[in-house]
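Everything below belongs to target14.cif, which stores mmCIF, C-alpha atoms.
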data_input
loop_
_atom_site.label_atom_id
_atom_site.label_comp_id
_atom_site.auth_asym_id
_atom_site.auth_seq_id
_atom_site.Cartn_x
_atom_site.Cartn_y
_atom_site.Cartn_z
CA MET A 87 -31.38 -7.57 82.87
CA GLU A 88 -30.48 -10.50 85.06
CA ALA A 89 -26.78 -11.31 85.35
CA TRP A 90 -27.11 -14.99 84.42
CA LEU A 91 -28.74 -14.26 81.09
CA ASP A 92 -25.66 -13.03 79.25
CA PRO A 93 -23.37 -16.05 79.86
CA ALA A 94 -26.34 -18.34 79.23
CA LEU A 95 -26.89 -16.74 75.83
CA ARG A 96 -23.23 -16.82 75.03
CA LEU A 97 -23.04 -20.54 75.75
CA GLY A 98 -26.53 -21.35 74.62
CA ALA A 99 -26.36 -19.91 71.10
CA PRO A 100 -23.47 -22.08 69.82
CA LEU A 101 -24.93 -25.07 71.64
CA ALA A 102 -28.33 -24.56 70.03
CA PHE A 103 -26.59 -24.13 66.66
CA LEU A 104 -24.73 -27.40 67.14
CA LEU A 105 -27.92 -29.22 68.09
CA VAL A 106 -29.75 -27.90 65.03
CA THR A 107 -26.91 -28.92 62.70
CA TYR A 108 -26.85 -32.30 64.42
CA ALA A 109 -30.57 -32.82 63.87
CA ILE A 110 -30.50 -31.81 60.19
CA GLY A 111 -27.20 -33.56 59.51
CA SER A 112 -28.26 -36.88 60.98
CA ALA A 113 -31.60 -36.75 59.15
CA ILE A 114 -29.73 -36.24 55.87
CA GLU A 115 -27.38 -39.07 56.78
CA ARG A 116 -30.19 -41.52 57.57
CA ARG A 117 -31.94 -40.65 54.33
CA HIS A 118 -28.72 -41.10 52.38
CA PHE A 119 -28.06 -44.54 53.88
CA ARG A 120 -31.63 -45.57 53.04
CA LEU A 121 -31.21 -44.43 49.43
CA LEU A 122 -27.82 -46.14 49.17
CA ARG A 123 -29.36 -49.47 50.22
CA VAL A 124 -32.15 -49.15 47.66
CA ARG A 125 -29.75 -48.29 44.83
CA GLU A 126 -27.32 -51.03 45.84
CA VAL A 127 -30.06 -53.63 45.66
CA ARG A 128 -31.15 -52.26 42.28
CA SER A 129 -27.65 -52.51 40.81
CA ARG A 130 -26.80 -55.88 42.35
CA HIS A 131 -26.95 -57.59 38.94
CA MET A 132 -23.76 -55.82 37.87
CA PRO A 133 -20.55 -57.42 39.12
CA VAL A 134 -17.86 -55.01 40.28
CA ALA A 135 -14.39 -56.32 41.09
CA THR A 136 -10.83 -55.22 41.73
CA ILE A 137 -9.45 -58.11 39.64
CA LEU A 138 -7.48 -57.06 36.58
CA GLU A 139 -8.35 -59.95 34.27
CA PRO A 140 -11.92 -60.84 33.36
CA PRO A 141 -12.82 -64.47 34.16
CA ALA A 142 -11.81 -66.80 31.31
CA ASP A 143 -15.37 -67.76 30.36
CA TRP A 144 -16.50 -64.16 29.75
CA GLU A 145 -16.69 -63.14 26.14
CA VAL A 146 -15.66 -59.48 26.23
CA THR A 147 -16.82 -57.46 23.23
CA GLY A 148 -15.90 -53.96 24.40
CA SER A 149 -14.50 -51.95 27.26
CA ALA A 150 -14.24 -48.37 28.50
CA LEU A 151 -13.07 -46.33 31.43
CA VAL A 152 -15.81 -45.40 33.90
CA THR A 153 -15.59 -43.16 36.93
CA GLY A 154 -17.85 -42.02 39.73
CA SER A 155 -17.02 -39.36 42.27
CA VAL A 156 -18.46 -37.39 45.12
CA VAL A 157 -17.28 -34.58 47.38
CA VAL A 158 -18.73 -34.64 50.87
CA SER A 159 -18.37 -31.94 53.47
CA LEU A 160 -17.17 -32.21 57.02
CA ASP A 161 -20.00 -30.48 58.84
CA TYR A 162 -19.77 -28.60 62.12
CA TRP A 163 -21.32 -31.32 64.24
CA LYS A 164 -18.97 -33.99 62.93
CA ARG A 165 -16.01 -31.69 63.35
CA PHE A 166 -17.12 -30.96 66.91
CA LEU A 167 -17.37 -34.69 67.67
CA ALA A 168 -14.00 -35.33 66.07
CA GLY A 169 -12.55 -32.47 68.10
CA LEU A 170 -13.75 -34.15 71.28
CA ARG A 171 -12.31 -37.45 70.08
CA LEU A 172 -8.93 -35.83 69.68
CA LEU A 173 -8.83 -35.34 73.44
CA PHE A 174 -9.47 -38.99 74.28
CA GLY A 175 -8.36 -40.88 71.19
CA GLY A 176 -10.16 -43.86 69.70
CA ARG A 177 -12.56 -44.36 66.83
CA VAL A 178 -13.94 -41.24 65.20
CA SER A 179 -17.24 -42.79 64.17
CA ALA A 180 -18.59 -39.47 62.89
CA TYR A 181 -15.98 -39.50 60.11
CA GLU A 182 -16.26 -43.24 59.55
CA THR A 183 -19.89 -42.95 58.51
CA LEU A 184 -19.10 -39.92 56.35
CA LEU A 185 -16.41 -41.77 54.40
CA GLU A 186 -18.55 -44.89 54.15
CA ARG A 187 -21.33 -42.84 52.59
CA ALA A 188 -18.91 -41.21 50.17
CA ARG A 189 -17.33 -44.50 49.05
CA ARG A 190 -20.64 -46.27 48.54
CA GLU A 191 -21.98 -43.25 46.65
CA ALA A 192 -18.93 -43.04 44.38
CA LEU A 193 -19.07 -46.77 43.60
CA LEU A 194 -22.80 -46.58 42.88
CA ARG A 195 -22.36 -43.64 40.53
CA MET A 196 -19.68 -45.54 38.66
CA LYS A 197 -21.91 -48.62 38.40
CA GLU A 198 -24.93 -46.61 37.34
CA ARG A 199 -22.97 -44.81 34.65
CA ALA A 200 -21.60 -48.09 33.33
CA HIS A 201 -25.10 -49.57 33.32
CA GLU A 202 -26.59 -46.59 31.46
CA ALA A 203 -23.94 -46.91 28.76
CA GLY A 204 -24.84 -50.58 28.26
CA TYR A 205 -21.96 -52.25 30.08
CA ARG A 206 -22.47 -55.42 32.08
CA ALA A 207 -19.57 -55.54 34.56
CA VAL A 208 -16.74 -53.42 35.95
CA ILE A 209 -13.27 -54.77 36.72
CA GLY A 210 -9.99 -53.19 37.85
CA VAL A 211 -11.82 -50.96 40.29
CA ARG A 212 -9.78 -48.45 42.29
CA LEU A 213 -10.92 -46.10 45.03
CA GLU A 214 -9.04 -42.92 45.78
CA THR A 215 -9.68 -40.51 48.62
CA SER A 216 -8.33 -36.98 48.67
CA GLN A 217 -8.83 -34.04 50.94
CA ILE A 218 -10.04 -30.77 49.50
CA ALA A 219 -8.15 -28.07 51.34
CA PRO A 220 -10.18 -25.39 53.07
CA ASN A 221 -9.91 -21.84 51.75
CA GLY A 222 -9.29 -20.03 55.00
CA ARG A 223 -6.46 -20.34 57.45
CA GLN A 224 -6.09 -23.18 59.94
CA GLY A 225 -8.94 -25.39 58.84
CA LYS A 226 -11.45 -22.56 58.68
CA GLY A 227 -13.72 -22.28 55.67
CA THR A 228 -15.19 -25.11 53.66
CA ALA A 229 -13.44 -28.43 53.82
CA GLY A 230 -14.37 -31.61 52.05
CA VAL A 231 -13.27 -35.07 51.09
CA GLU A 232 -13.45 -36.40 47.56
CA VAL A 233 -13.82 -40.08 46.81
CA LEU A 234 -13.18 -41.23 43.26
CA ALA A 235 -14.03 -44.69 42.00
CA SER A 236 -12.62 -45.73 38.63
CA GLY A 237 -12.70 -48.97 36.73
CA THR A 238 -12.92 -50.69 33.36
CA ALA A 239 -16.48 -51.36 32.22
CA LEU A 240 -17.02 -54.45 30.07
CA LYS A 241 -19.52 -55.26 27.34
CA LEU A 242 -20.22 -58.96 27.26
CA ALA A 243 -21.53 -61.20 24.52
CA ARG A 244 -24.52 -63.42 25.38
CA MET B 50 -9.11 -44.27 22.06
CA ILE B 51 -9.76 -47.11 24.50
CA LEU B 52 -8.96 -46.40 28.14
CA SER B 53 -8.59 -49.10 30.74
CA THR B 54 -7.68 -49.37 34.41
CA THR B 55 -6.45 -52.92 33.90
CA GLU B 56 -3.12 -54.10 32.57
CA THR B 57 -4.46 -54.97 29.14
CA VAL B 58 -7.52 -54.07 27.13
CA PRO B 59 -9.92 -56.94 27.88
CA GLY B 60 -10.54 -59.03 24.78
CA LYS B 61 -7.64 -57.48 22.82
CA THR B 62 -3.92 -58.06 22.49
CA ILE B 63 -1.22 -55.43 23.00
CA ARG B 64 1.07 -55.10 19.96
CA ASP B 65 3.18 -52.07 20.85
CA PHE B 66 4.17 -50.00 23.87
CA TYR B 67 4.73 -46.25 23.65
CA GLY B 68 5.54 -45.48 27.29
CA VAL B 69 3.82 -43.35 29.89
CA VAL B 70 1.42 -40.61 28.83
CA SER B 71 -0.11 -38.11 31.19
CA GLY B 72 -2.40 -35.11 31.37
CA SER B 73 -3.01 -32.65 34.14
CA THR B 74 -4.89 -29.51 35.01
CA VAL B 75 -4.85 -27.17 37.98
CA ARG B 76 -8.17 -25.72 39.06
CA ALA B 77 -9.17 -23.11 41.58
CA LYS B 78 -12.49 -23.07 43.37
CA HIS B 79 -15.21 -20.76 42.11
CA ILE B 80 -16.19 -18.12 44.64
CA GLY B 81 -19.94 -18.57 44.07
CA LYS B 82 -19.69 -22.32 44.44
CA ASP B 83 -17.62 -21.78 47.54
CA ILE B 84 -20.32 -19.72 49.20
CA MET B 85 -22.88 -22.46 48.49
CA ALA B 86 -20.43 -25.04 49.79
CA GLY B 87 -19.94 -22.96 52.91
CA LEU B 88 -23.65 -23.11 53.58
CA LYS B 89 -23.75 -26.84 52.91
CA ASN B 90 -20.87 -27.27 55.29
CA ILE B 91 -23.13 -26.40 58.19
CA VAL B 92 -25.30 -29.50 57.93
CA GLY B 93 -23.05 -31.78 55.92
CA GLY B 94 -23.74 -33.86 52.85
CA GLU B 95 -22.59 -33.67 49.27
CA LEU B 96 -20.95 -30.53 47.89
CA LYS B 97 -22.42 -30.85 44.39
CA GLY B 98 -20.59 -27.81 43.02
CA TYR B 99 -17.26 -29.32 43.95
CA THR B 100 -18.18 -32.76 42.65
CA GLU B 101 -18.96 -31.25 39.23
CA LEU B 102 -15.91 -29.00 39.28
CA LEU B 103 -13.56 -31.89 39.94
CA GLN B 104 -15.33 -34.10 37.40
CA GLU B 105 -14.93 -31.47 34.71
CA ALA B 106 -11.30 -30.93 35.61
CA ARG B 107 -10.58 -34.65 35.61
CA GLN B 108 -12.22 -34.97 32.19
CA GLU B 109 -9.88 -32.28 30.90
CA ALA B 110 -6.84 -34.06 32.35
CA LEU B 111 -8.01 -37.26 30.62
CA GLU B 112 -8.47 -35.45 27.31
CA ARG B 113 -4.95 -34.06 27.52
CA MET B 114 -3.63 -37.54 28.22
CA ILE B 115 -5.59 -38.88 25.23
CA ARG B 116 -4.18 -36.16 22.97
CA GLN B 117 -0.66 -37.11 24.00
CA ALA B 118 -1.38 -40.77 23.36
CA GLN B 119 -2.75 -39.94 19.89
CA SER B 120 0.34 -37.92 19.06
CA VAL B 121 2.59 -40.92 19.65
CA GLY B 122 0.37 -43.16 17.54
CA ALA B 123 -1.33 -45.20 20.25
CA ASN B 124 -4.93 -46.40 20.06
CA ALA B 125 -5.37 -47.28 23.73
CA VAL B 126 -4.12 -46.30 27.17
CA VAL B 127 -3.92 -49.05 29.78
CA ASN B 128 -3.39 -48.95 33.54
CA VAL B 129 -4.94 -45.48 33.79
CA ARG B 130 -4.54 -43.93 37.24
CA PHE B 131 -5.79 -40.68 38.72
CA SER B 132 -4.17 -38.58 41.34
CA THR B 133 -5.30 -35.41 43.08
CA SER B 134 -3.00 -33.10 44.95
CA ASN B 135 -3.66 -29.93 46.84
CA ILE B 136 -1.10 -27.41 45.75
CA THR B 137 -2.33 -24.51 47.78
CA GLN B 138 -5.47 -23.54 49.63
CA GLY B 139 -8.34 -23.44 47.19
CA ALA B 140 -6.52 -24.98 44.23
CA ALA B 141 -5.98 -28.59 43.28
CA GLU B 142 -4.16 -30.46 40.57
CA LEU B 143 -5.97 -33.27 38.81
CA PHE B 144 -3.61 -35.69 37.14
CA ALA B 145 -4.27 -38.69 34.93
CA TYR B 146 -1.62 -41.05 33.61
CA GLY B 147 -1.28 -44.39 31.95
CA THR B 148 0.66 -46.49 29.46
CA ALA B 149 0.04 -45.79 25.79
CA VAL B 150 -0.23 -48.95 23.70
CA ARG B 151 -1.40 -50.20 20.33
CA VAL B 152 -3.94 -53.00 20.60
CA GLU B 153 -5.57 -55.31 18.07
#

So that I can check it, write out the structure of this file as structure tokens.
Amino acid sequence: MEAWLDPALRLGAPLAFLLVTYAIGSAIERRHFRLLRVREVRSRHMPVATILEPPADWEVTGSALVTGSVVVSLDYWKRFLAGLRLLFGGRVSAYETLLERARREALLRMKERAHEAGYRAVIGVRLETSQIAPNGRQGKGTAGVEVLASGTALKLAR
Amino acid sequence: MILSTTETVPGKTIRDFYGVVSGSTVRAKHIGKDIMAGLKNIVGGELKGYTELLQEARQEALERMIRQAQSVGANAVVNVRFSTSNITQGAAELFAYGTAVRVE
């Protein structure tokens, strides 16, 4: 056995693992962004707002609480990138895209649920982000972030 | 029971206030779901098992809040807020609270 093979394997295996997770992870991410755009266009007819009072000319005939939530995971590649970022500081774009995906997904789920139940608009929208603690010690094990969107869905006359 | 995240129930008038009502539940992660989540953690994306778990738990917190509101004679809860806190590794508290009111 050649002497260079062992260190090469030792370094190469985690590196190959990282590259594979990167490839799969970014493919999933691209697909998700594509789907988000499609669904956002489809639900564009439904106004969603953080205002607490419906506009004066709306004739509200009913209302209900609606929520939408999603838990996304921090995968190994993103954690690796973020780990590098910790050395130099600056924007952690790997996590930015993750949270953007989660927020848009949560909002869409809320809108879609409101739409299915026959509501026409959502006001008083709030977004909450919370970290799901990993099971193991020191950040080992599964970690995730939950985004919850909640709001008041309105039925409108007309 | 009408729930609302806004300060009033749109289209109705508040007649009576009954104060703050709340409901909470503490949930631990399911080991089977955790193994699936561990696999999903490798490539990233949604952890569906957790999404459902938290949704279920939040629904229960809401139902407890509603029961409390009913017991004081309210017919609506306004300004509903949710809060999630990690108590310990693997367990989280889901909390819902709001102001119980009577609307017409």

Between CA of Arg96 in chain A and CA of Tyr108 in chain A lies a distance of 19.1 Å

Output as a VMD selection string the set of chain B residues within 6 Å of chain A, with distances taken over only C-alpha atoms.
chain B and resid 52 to 55 60 87 90 to 96 100 138 to 139

Mind listing whatever residues come within 12 Å of the point (-29.8, -49.7, 46.4)? Use all atoms listed in the file, file coordinates, and give them as an MDAnalysis selection string.
chainID A and resid 118:131 190:191 193:195 197:198

Distance query range 144-149 of chain B at most 8 Å, all atoms listed in the file, self and fewer than 3 positions along chain excluded, as number ranges by chain:
B: 66-74, 107, 110-111, 114, 118, 123-133

Contact residues around Asp65 in chain B with only C-alpha atoms at 8 Å, ignoring same-chain residues under 6 positions, as a ChimeraX atom specification
/B:150-152

Separation of CA of Arg113 in chain B and CA of Leu143 in chain B, in Å?
11.4 Å

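With CA of Thr137 in chain B on one side and CA of Arg177 in chain A on the other, the separation reads 29.4 Å.
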